[in-house]
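Visitor: I'd like to ask some things about the structure below.
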Amino acid sequence: MQVLIERLAQQVFQRMEVLFIRELWRQGRQRPCHPVSEPATPGSAAREEPESLLGEFEKENGLSLTIEVRTIRLTASQDRLPALLELLDDAERARAQTFRFPHLAAEFIQSHAAMRILIAEQIGLHPRAIQLSKGKYGKPRVTGQTGFEFSISHSCGLASFAFSTQGPVGIEIEKVRVLKDCDALVQQFFSHSERDELGRLRACKQQRAFYAVWTRKEAYLKALGTGLVMPPRTVSVTVDPDAVPSVAGDNESAQASRHWRLVDLHVDAGYAAALAYSGERCPVSMTETVDMAALLGDS
Ligand SMILES: CC(C)(COP(=O)(O)OP(=O)(O)OC[C@H]1O[C@@H](n2cnc3c(N)ncnc32)[C@H](O)[C@@H]1OP(=O)(O)O)[C@@H](O)C(=O)NCCC(=O)NCCS
């Protein structure tokens, strides 16, 4: 009897702790802002995936499910890097050694430290205690957190993260630049229908359309977990940067596209970004983009 009571008390305590962390997160830290294209109807999400304690807890307590997006400018000073490196695991530290250019190593260290800090906020663990593993094609996940999904993307000093308790999620950001090899990339990565649609757009719209397709498609492939192992030409997304984005179909199954949602995001000036997730449309909450120093609590 004593053991039973202790176990029940432990469960209640764990659940209260998780709720407390979530409420602190929602009330204190988040300042919602709007994605570039607003998801249609906030509301209940059809979930086929197993749920984590967090997902169940939110449901039981009537809290709405959301997908959360955070973006961090990787601007920490050089002298902060040793402490950030301390947050990473052995595999990440070994990877950090492999970069030829110090600025790329610095971005990697910062992005993974930020990823751990943000995951820690989500699931209530210490950043160092988070155990990461990879799917068949390299999609990262947190060991032992069934139902908690995340995705990371970094580009030229910026890192974005998407967190979800309602199923697979993928995020992709790209610094917008003038590309010399744009035509070759279109030939290599765009499907027939995307190439046709891009060609029909006015010239002034084509660069935005290029980045819209690029980020929408990669976000989708990252949510699927295949990344570019699935030939990008076999997947089609909507091309017009001003239209509501969607997966237009893929060769594997045209049906599959109905289960996926795309959202264009504004993460920072000069960047294109998109988010992909499965299930019904749900609210996407974005917190204002901040410097690494702010995430670390430096004044
Ligand atoms: C994921 C991928 C699309 C990279 O995109 P990118 O625009 O160059 O880089 P991004 O910064 O946007 O994304 C990189 C992040 O995607 C994540 N990622 C890697 N593979 C992934 C996959 N299959 N699905 C989802 N996410 C993946 C990683 O966490 C990576 O961050 P990290 O390198 O800091 O750990 C590309 O590397 C890819 O297709 N990888 C999978 C294929 C592959 O080479 N697999 C090797 C093992 S079989």
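Labels used: A, B, ... for chains in the order of the structure tokens, numbers from 1 for residues in each chain, and numbers from 1 for ligands as shown.
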Enumerate residues in contact with ligand 1: an atom-to-atom distance of at most 8 Å, counting only C-alpha atoms and all ligand atoms. Format the result as a PyMOL selection string.
Guide: chain A and resi 108+111-112+135-140+151-155+159+170-174+218+221-230
Visitor: Keeping C-alpha atoms for every residue in the selection just given, could you write it to a file as a CSV table (one decimal), in the first residue's frame?
Guide:
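Writing the result to result.csv gives the following:
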chain,number,residue,atom,x,y,z
A,108,PHE,CA,27.7,24.5,-35.2
A,111,SER,CA,23.3,26.0,-32.9
A,112,HIS,CA,23.5,22.7,-31.1
A,135,GLY,CA,16.6,8.2,-37.7
A,136,LYS,CA,17.6,6.0,-40.7
A,137,TYR,CA,18.5,9.1,-42.9
A,138,GLY,CA,19.8,11.3,-40.2
A,139,LYS,CA,16.7,13.0,-38.7
A,140,PRO,CA,17.5,13.9,-35.1
A,151,SER,CA,13.7,19.9,-36.5
A,152,ILE,CA,16.6,22.3,-36.9
A,153,SER,CA,18.0,24.3,-39.8
A,154,HIS,CA,20.9,26.7,-39.9
A,155,SER,CA,22.0,29.1,-42.6
A,159,ALA,CA,19.4,28.8,-36.6
A,170,GLY,CA,10.4,19.9,-40.5
A,171,ILE,CA,11.9,23.4,-40.8
A,172,GLU,CA,14.2,24.9,-43.4
A,173,ILE,CA,15.7,28.3,-43.6
A,174,GLU,CA,17.9,29.8,-46.3
A,218,GLU,CA,13.2,20.8,-47.9
A,221,LEU,CA,11.5,16.3,-46.8
A,222,LYS,CA,12.9,16.9,-43.4
A,223,ALA,CA,9.5,16.3,-41.8
A,224,LEU,CA,9.3,13.0,-43.7
A,225,GLY,CA,12.8,12.3,-42.3
A,226,THR,CA,14.3,11.4,-45.7
A,227,GLY,CA,16.0,14.7,-46.3
A,228,LEU,CA,17.5,14.8,-49.8
A,229,VAL,CA,17.8,11.0,-49.9
A,230,MET,CA,14.3,11.3,-51.5
Visitor: Point out the residue among A:Ala294, A:Ala76, A:Leu87, A:Met115 with the least atom-to-atom distance to Ala162 in chain A, counting only C-alpha atoms.
Guide: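 Smallest distance to Ala162 in chain A is found for A:Met115.
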Visitor: So that I can see what lies close to range 100-103 of chain A, please list as a ChimeraX atom specification the residues with an atom at most 12 Å from it, counting only C-alpha atoms and leaving out residues fewer than 3 positions away in the same chain.
Guide: /A:74-78,81,95-97,106-110,156-157
Visitor: Contacts of Pro168 in chain A at 7 Å or less, counting only C-alpha atoms, minus same-chain residues fewer than 3 places along, as an mmCIF file with N, CA and C atoms, in the first residue's frame?
Guide:
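Saved as selection-v7.cif:
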data_model
loop_
_atom_site.group_PDB
_atom_site.id
_atom_site.type_symbol
_atom_site.label_atom_id
_atom_site.label_comp_id
_atom_site.auth_asym_id
_atom_site.auth_seq_id
_atom_site.Cartn_x
_atom_site.Cartn_y
_atom_site.Cartn_z
ATOM 1 N N GLU A 149 8.674 15.844 -31.181
ATOM 2 C CA GLU A 149 9.431 15.921 -32.444
ATOM 3 C C GLU A 149 10.052 17.301 -32.577
ATOM 4 N N ALA A 223 10.615 16.871 -42.607
ATOM 5 C CA ALA A 223 9.523 16.339 -41.772
ATOM 6 C C ALA A 223 9.334 14.847 -42.055
ATOM 7 N N TYR A 277 4.461 20.138 -41.391
ATOM 8 C CA TYR A 277 4.036 19.238 -40.322
ATOM 9 C C TYR A 277 2.873 18.391 -40.814
ATOM 10 N N SER A 278 2.605 17.303 -40.094
ATOM 11 C CA SER A 278 1.515 16.425 -40.538
ATOM 12 C C SER A 278 0.253 16.693 -39.719
#
Visitor: Quick one, how far is CA of Ile67 in chain A from CA of Arg216 in chain A?
Guide: 16.4 Å
Visitor: Which value, in Å to one decimal, gives the distance between CA of Thr66 in chain A and CA of Gln122 in chain A?
Guide: 12.2 Å
Visitor: Could you pull out all residues of range 220-283 of chain A with a DSSP call of strand (DSSP E or B) and give them as a short mmCIF file (atom, residue, chain, number, x, y, z; two decimals) with C-alpha atoms, in the first residue's frame?
Guide:
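That gives us selection_11.cif:
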data_model
loop_
_atom_site.label_atom_id
_atom_site.label_comp_id
_atom_site.auth_asym_id
_atom_site.auth_seq_id
_atom_site.Cartn_x
_atom_site.Cartn_y
_atom_site.Cartn_z
CA VAL A 235 8.08 15.97 -54.82
CA SER A 236 6.04 19.02 -55.83
CA VAL A 237 5.08 21.99 -53.72
CA VAL A 247 2.46 19.90 -50.91
CA ALA A 248 1.12 19.44 -54.40
CA GLY A 249 1.80 15.69 -54.51
CA ASP A 250 4.66 13.28 -54.80
CA TRP A 260 1.00 17.47 -44.84
CA ARG A 261 0.80 21.18 -44.12
CA LEU A 262 3.25 23.86 -45.16
CA VAL A 263 3.67 27.32 -43.66
CA ASP A 264 5.96 30.09 -44.93
CA LEU A 265 7.74 31.80 -42.07
CA TYR A 271 16.00 34.79 -45.06
CA ALA A 272 13.41 32.50 -46.62
CA ALA A 273 11.91 29.86 -44.37
CA ALA A 274 9.22 27.22 -44.30
CA LEU A 275 7.73 24.74 -41.88
CA ALA A 276 6.11 21.37 -42.65
CA TYR A 277 4.04 19.24 -40.32
CA SER A 278 1.52 16.42 -40.54
#
Visitor: Might you pull out every residue within 12 Å of Leu201 in chain A, with only C-alpha atoms counted and same-chain residues fewer than 6 positions away left off, and present them as a list of chain:residue names?
Guide: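 Contacts, with the query itself left out: A:Glu194, A:Arg195, A:Gln207, A:Arg208, A:Ala209, A:Phe210, A:Val239, A:Asp240, A:Pro241, A:Asp242.
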Visitor: Any chance you can output those residues with N, CA and C atoms as a PDB file, in the first residue's frame?
Guide:
ATOM      1  N   GLU A 194       6.759  22.179 -61.186  1.00  0.00           N
ATOM      2  CA  GLU A 194       7.349  23.363 -60.529  1.00  0.00           C
ATOM      3  C   GLU A 194       8.114  24.214 -61.545  1.00  0.00           C
ATOM      4  N   ARG A 195       8.845  23.546 -62.429  1.00  0.00           N
ATOM      5  CA  ARG A 195       9.609  24.300 -63.449  1.00  0.00           C
ATOM      6  C   ARG A 195       8.660  25.075 -64.353  1.00  0.00           C
ATOM      7  N   GLN A 207      12.751  35.047 -58.075  1.00  0.00           N
ATOM      8  CA  GLN A 207      13.702  34.726 -57.009  1.00  0.00           C
ATOM      9  C   GLN A 207      12.962  34.318 -55.734  1.00  0.00           C
ATOM     10  N   ARG A 208      11.909  35.074 -55.415  1.00  0.00           N
ATOM     11  CA  ARG A 208      11.124  34.717 -54.217  1.00  0.00           C
ATOM     12  C   ARG A 208      10.497  33.340 -54.381  1.00  0.00           C
ATOM     13  N   ALA A 209      10.036  33.054 -55.605  1.00  0.00           N
ATOM     14  CA  ALA A 209       9.411  31.747 -55.865  1.00  0.00           C
ATOM     15  C   ALA A 209      10.445  30.629 -55.725  1.00  0.00           C
ATOM     16  N   PHE A 210      11.657  30.891 -56.221  1.00  0.00           N
ATOM     17  CA  PHE A 210      12.717  29.884 -56.120  1.00  0.00           C
ATOM     18  C   PHE A 210      12.941  29.513 -54.652  1.00  0.00           C
ATOM     19  N   VAL A 239       4.277  26.813 -55.997  1.00  0.00           N
ATOM     20  CA  VAL A 239       5.408  27.649 -56.391  1.00  0.00           C
ATOM     21  C   VAL A 239       5.201  29.130 -56.078  1.00  0.00           C
ATOM     22  N   ASP A 240       3.975  29.627 -56.257  1.00  0.00           N
ATOM     23  CA  ASP A 240       3.716  31.054 -56.083  1.00  0.00           C
ATOM     24  C   ASP A 240       4.025  31.461 -54.639  1.00  0.00           C
ATOM     25  N   PRO A 241       4.973  32.385 -54.434  1.00  0.00           N
ATOM     26  CA  PRO A 241       5.337  32.752 -53.052  1.00  0.00           C
ATOM     27  C   PRO A 241       4.225  33.491 -52.325  1.00  0.00           C
ATOM     28  N   ASP A 242       3.231  34.009 -53.078  1.00  0.00           N
ATOM     29  CA  ASP A 242       2.150  34.762 -52.439  1.00  0.00           C
ATOM     30  C   ASP A 242       0.903  33.911 -52.200  1.00  0.00           C
TER      31      ASP A 242
END
